[in-house]
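Participant: This is the structure I have questions about; it appears just below.
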Amino acid sequence: MATLGNPKETIEILNKYHFIFQKKFGQNFLIDNHVLDKIIKAAGVTREDMVLEIGPGIGTLTQYLCESAREVIAVEIDKTLIPILDDTLSAYDNVTVINEDILKLDINKLVQEKNNGKPVKIVANLPYYITTPIIMGLFEAHVPVDNITVMVQKEVADRMQSGPGSKDYGALSLAVQYYADPYIAANVPPNCFMPRPNVGSAVIRLTLHGDKPVKVKDEKLMFKIIRASFNQRRKTLVNGLNNGTEIDLPKETIAEAISELMVSPTIRGEALTLEQFARLSDIIYDKIH
Ligand code: SAM
């Protein structure tokens with residue numbers, strides 16, 4: 001039985017070990033068992049699954065994962081939490097704690113060693129200061145993953161799942177939607193954490209696509225174009241692409257490419273869909289090569 005996931009047990013553990021919260025590690029521990037149940041349900045964790053947890057903290061979500069998964073690997077940067085995790089996870093024999101910085105770990109190698117390279121589920125209440133590098137790192141390294149179910153800042157969850165025309169639409173939306181299908185499973189208020197964060201949170205599940213939704217000749221070029229388009233949101237697409245350091249082409253060539261896309265010459269990047277960015281990228285690719 002998971003014992004953590006409520007304020008009383010959390011405070012008891014924190015006091016027992018004289019734990020001091022480290023702001024620099026984004027430490028906001030979950031103290032609401034309903035939210036924990038929702039995370040497990042949204043991730044669809046079963047006894048078949050190997051789960052990688054990023055940032056177990058004192059082991060609250062980890063206990064829930066151990067109850068429902070076959071095996072759990074939990075990666076925690078803060079060494080002062082390791083003896084606490086030894087204690088709170090002592091009832092489970094299906095968990096391994098690794099004291100490492102997730103951004104420095106070779107996750108592909110870990111999944112290869114621990115799960116024979118078969119897809120894992122990633123479940124976490126993420127440290128918010130590195131949400132994007134963690135998620136983009138997993139995508140770009142092509143780690144074998146079924147789904148990534150994570151607590152993130154509400155505003156970041158909105159950006160991940162929004163489309164053209166929304167103020168939240170941007171490079172992160174396109175990057176996430178290129179690799180995965182996003183679904184916001186729950187909105188979570190600050191009082192579900194200790195200490196309370198200054199922002200609202202949400203649980204988002206990113207289910208990796210079997211086949212990418214668009215085919216593109218050069219993925220890297222497409223993401224350069226996307227970044228350049230949103231770097232200067234208020235500019236037209238042609239000026240955005242002409243202005244930055246990402247795309248090194250004469251303005252006329254960029255204008256020509258946009259006209260071949262059959263959209264208005266004054267269109268802004270924020271109006272283009274992923275499909276249109278992919279087509280624009282291929283048109284520009286052909287002009288370069
Ligand atoms: N999972 C716990 C919970 O839900 O109560 C704690 C979540 S807390 C928001 C984020 C955790 O990530 C903290 O324990 C923090 O120390 C850890 N962390 C921060 N940066 C990390 C990194 N680069 N690599 C691994 N863990 C990290």
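The way I read the labels, and the way they are meant: chains A, B, ... in the order of the structure tokens, residue 1 as the first residue of every chain, and ligand 1 as the first ligand shown, with later ones counted on from there.
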Taking only C-alpha atoms and all ligand atoms into account, report as a PyMOL selection string which residues have an atom no farther than 8 Å from an atom of ligand 1.
Facilitator: chain A and resi 5+22+24-31+53-62+75-78+81+99-104+124-130+193
Participant: Could you pull out the strand (DSSP E or B) residues of range 60-141 of chain A from DSSP and send them as a list of chain:residue names?
Facilitator: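 Going through range 60-141 of chain A, the strand (DSSP E or B) residues come out as A:Glu71, A:Val72, A:Ile73, A:Ala74, A:Val75, A:Glu76, A:Val95, A:Thr96, A:Val97, A:Ile98, A:Asn99, A:Val120, A:Lys121, A:Ile122, A:Val123, A:Ala124, A:Asn125.
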Participant: Dump N, CA and C atoms for the selected residues as an mmCIF file, in the first residue's frame?
Facilitator:
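In the end it all went to again.cif:
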```
data_model
loop_
_atom_site.group_PDB
_atom_site.id
_atom_site.type_symbol
_atom_site.label_atom_id
_atom_site.label_comp_id
_atom_site.auth_asym_id
_atom_site.auth_seq_id
_atom_site.Cartn_x
_atom_site.Cartn_y
_atom_site.Cartn_z
ATOM 1 N N GLU A 71 8.127 -2.830 -13.266
ATOM 2 C CA GLU A 71 9.397 -2.338 -12.744
ATOM 3 C C GLU A 71 9.479 -0.822 -12.877
ATOM 4 N N VAL A 72 10.136 -0.193 -11.930
ATOM 5 C CA VAL A 72 10.265 1.264 -11.939
ATOM 6 C C VAL A 72 11.737 1.643 -11.807
ATOM 7 N N ILE A 73 12.172 2.551 -12.669
ATOM 8 C CA ILE A 73 13.505 3.144 -12.534
ATOM 9 C C ILE A 73 13.276 4.618 -12.216
ATOM 10 N N ALA A 74 13.835 5.101 -11.126
ATOM 11 C CA ALA A 74 13.596 6.491 -10.725
ATOM 12 C C ALA A 74 14.931 7.229 -10.676
ATOM 13 N N VAL A 75 14.988 8.358 -11.389
ATOM 14 C CA VAL A 75 16.241 9.117 -11.496
ATOM 15 C C VAL A 75 16.097 10.428 -10.727
ATOM 16 N N GLU A 76 16.909 10.594 -9.686
ATOM 17 C CA GLU A 76 16.806 11.759 -8.803
ATOM 18 C C GLU A 76 18.167 12.448 -8.692
ATOM 19 N N VAL A 95 11.882 -1.635 -7.745
ATOM 20 C CA VAL A 95 12.309 -0.266 -8.033
ATOM 21 C C VAL A 95 13.825 -0.108 -7.911
ATOM 22 N N THR A 96 14.398 0.668 -8.829
ATOM 23 C CA THR A 96 15.817 1.028 -8.765
ATOM 24 C C THR A 96 15.898 2.544 -8.765
ATOM 25 N N VAL A 97 16.644 3.098 -7.808
ATOM 26 C CA VAL A 97 16.821 4.551 -7.765
ATOM 27 C C VAL A 97 18.221 4.871 -8.283
ATOM 28 N N ILE A 98 18.296 5.825 -9.199
ATOM 29 C CA ILE A 98 19.595 6.250 -9.738
ATOM 30 C C ILE A 98 19.803 7.714 -9.362
ATOM 31 N N ASN A 99 20.930 8.003 -8.697
ATOM 32 C CA ASN A 99 21.222 9.384 -8.289
ATOM 33 C C ASN A 99 21.997 10.073 -9.416
ATOM 34 N N VAL A 120 9.241 1.982 -23.009
ATOM 35 C CA VAL A 120 8.909 2.189 -21.600
ATOM 36 C C VAL A 120 7.849 3.287 -21.516
ATOM 37 N N LYS A 121 7.272 3.433 -20.331
ATOM 38 C CA LYS A 121 6.415 4.592 -20.092
ATOM 39 C C LYS A 121 7.207 5.566 -19.232
ATOM 40 N N ILE A 122 7.030 6.838 -19.495
ATOM 41 C CA ILE A 122 7.712 7.832 -18.665
ATOM 42 C C ILE A 122 6.643 8.568 -17.877
ATOM 43 N N VAL A 123 6.778 8.566 -16.572
ATOM 44 C CA VAL A 123 5.773 9.188 -15.711
ATOM 45 C C VAL A 123 6.511 10.067 -14.706
ATOM 46 N N ALA A 124 6.065 11.316 -14.557
ATOM 47 C CA ALA A 124 6.793 12.203 -13.640
ATOM 48 C C ALA A 124 5.985 13.427 -13.267
ATOM 49 N N ASN A 125 6.282 13.926 -12.091
ATOM 50 C CA ASN A 125 5.900 15.274 -11.711
ATOM 51 C C ASN A 125 7.184 16.069 -11.938
#
```
Participant: Give me every alpha helix (DSSP H) residue in range 88-261 of chain A, going by DSSP on the backbone, as a PyMOL selection string.
Facilitator: chain A and resi 88+107-115+131-140+154-161+171-179+219-231+237-243+251-260
Participant: Output the selection as a tab-separated table (two decimals), in the first residue's frame - C-alpha atoms for each residue.
Facilitator:
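Final output, saved to again01.tsv:
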```tsv
chain	number	residue	atom	x	y	z
A	88	THR	CA	9.94	5.15	1.71
A	107	ILE	CA	18.42	7.15	-21.41
A	108	ASN	CA	18.63	5.06	-24.57
A	109	LYS	CA	21.41	3.00	-23.00
A	110	LEU	CA	19.39	2.63	-19.79
A	111	VAL	CA	16.29	1.42	-21.67
A	112	GLN	CA	18.47	-0.94	-23.71
A	113	GLU	CA	20.01	-2.44	-20.57
A	114	LYS	CA	16.92	-2.57	-18.38
A	115	ASN	CA	14.15	-3.30	-20.91
A	131	THR	CA	10.36	20.63	-18.63
A	132	THR	CA	11.13	21.49	-22.26
A	133	PRO	CA	14.73	20.20	-22.39
A	134	ILE	CA	13.64	16.93	-20.76
A	135	ILE	CA	10.75	16.31	-23.16
A	136	MET	CA	12.55	17.48	-26.30
A	137	GLY	CA	15.62	15.45	-25.25
A	138	LEU	CA	13.49	12.28	-25.04
A	139	PHE	CA	11.94	12.94	-28.47
A	140	GLU	CA	15.12	13.92	-30.24
A	154	LYS	CA	-0.52	24.58	-16.93
A	155	GLU	CA	0.67	27.21	-19.39
A	156	VAL	CA	3.21	24.77	-20.87
A	157	ALA	CA	0.54	22.05	-21.21
A	158	ASP	CA	-1.66	24.56	-23.09
A	159	ARG	CA	1.21	25.42	-25.41
A	160	MET	CA	1.88	21.75	-26.13
A	161	GLN	CA	-1.65	21.02	-27.28
A	171	ALA	CA	7.46	26.17	-31.75
A	172	LEU	CA	6.80	23.92	-28.71
A	173	SER	CA	3.28	23.03	-29.98
A	174	LEU	CA	4.67	22.01	-33.37
A	175	ALA	CA	7.62	20.09	-31.94
A	176	VAL	CA	5.44	18.13	-29.50
A	177	GLN	CA	2.74	17.43	-32.11
A	178	TYR	CA	5.31	16.24	-34.64
A	179	TYR	CA	6.35	13.48	-32.23
A	219	GLU	CA	13.57	17.37	-40.08
A	220	LYS	CA	16.27	19.73	-38.82
A	221	LEU	CA	15.55	22.27	-41.56
A	222	MET	CA	11.82	22.18	-40.74
A	223	PHE	CA	12.50	22.94	-37.08
A	224	LYS	CA	14.89	25.76	-38.05
A	225	ILE	CA	12.08	27.27	-40.15
A	226	ILE	CA	9.60	26.83	-37.31
A	227	ARG	CA	11.92	28.46	-34.77
A	228	ALA	CA	12.67	31.36	-37.11
A	229	SER	CA	8.94	31.89	-37.78
A	230	PHE	CA	8.09	32.18	-34.11
A	231	ASN	CA	11.20	34.06	-32.96
A	237	LEU	CA	6.49	34.84	-42.25
A	238	VAL	CA	8.70	36.22	-45.00
A	239	ASN	CA	10.27	38.82	-42.68
A	240	GLY	CA	10.56	36.36	-39.80
A	241	LEU	CA	12.45	33.87	-41.97
A	242	ASN	CA	14.58	36.60	-43.49
A	243	ASN	CA	15.56	38.16	-40.18
A	251	LYS	CA	14.38	37.44	-49.18
A	252	GLU	CA	13.18	36.89	-52.77
A	253	THR	CA	13.81	33.15	-52.52
A	254	ILE	CA	11.87	32.99	-49.24
A	255	ALA	CA	9.01	34.99	-50.80
A	256	GLU	CA	9.01	32.62	-53.78
A	257	ALA	CA	8.83	29.58	-51.48
A	258	ILE	CA	5.90	31.09	-49.58
A	259	SER	CA	4.09	31.81	-52.82
A	260	GLU	CA	4.62	28.18	-53.94
```
Participant: Which is closest to Arg233 in chain A among A:Pro265, A:Pro189, A:Pro182, A:Gly170, if we use only C-alpha atoms?
Facilitator: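 Of A:Pro265, A:Pro189, A:Pro182, A:Gly170, the one nearest Arg233 in chain A is A:Gly170, counting only C-alpha atoms.
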Participant: I'd like to know which of A:Val188, A:Ile13, A:Ile284, A:Leu249 is closest to Asp87 in chain A, using only C-alpha atoms.
Facilitator: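 Smallest separation from Asp87 in chain A among the options: A:Ile13.
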Participant: Would you kindly return, as an MDAnalysis selection string, each protein, DNA or RNA residue with an atom no farther than 10 Å from any atom of Ala185 in chain A, considering only C-alpha atoms and excluding same-chain residues fewer than 4 positions away?
Facilitator: chainID A and resid 38:39 41:43 149:151 202:205
Participant: Excluding same-chain residues fewer than 5 positions from Val216 in chain A, what lies within 10 Å of it counting only C-alpha atoms, as number ranges by chain?
Facilitator: A: 221-222, 275, 277-282, 285
Participant: Write the selection just made, keeping C-alpha atoms, as an mmCIF file, in the first residue's frame?
Facilitator:
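Done, and the output landed in out.cif:
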```cif
data_model
loop_
_atom_site.group_PDB
_atom_site.id
_atom_site.type_symbol
_atom_site.label_atom_id
_atom_site.label_comp_id
_atom_site.auth_asym_id
_atom_site.auth_seq_id
_atom_site.Cartn_x
_atom_site.Cartn_y
_atom_site.Cartn_z
ATOM 1 C CA LEU A 221 15.547 22.274 -41.564
ATOM 2 C CA MET A 222 11.816 22.175 -40.745
ATOM 3 C CA GLU A 275 1.535 20.141 -42.674
ATOM 4 C CA PHE A 277 5.490 23.956 -42.314
ATOM 5 C CA ALA A 278 6.498 20.530 -43.638
ATOM 6 C CA ARG A 279 5.623 21.540 -47.219
ATOM 7 C CA LEU A 280 7.400 24.878 -46.874
ATOM 8 C CA SER A 281 10.447 23.061 -45.531
ATOM 9 C CA ASP A 282 10.506 20.725 -48.553
ATOM 10 C CA TYR A 285 15.047 22.229 -49.229
#
```
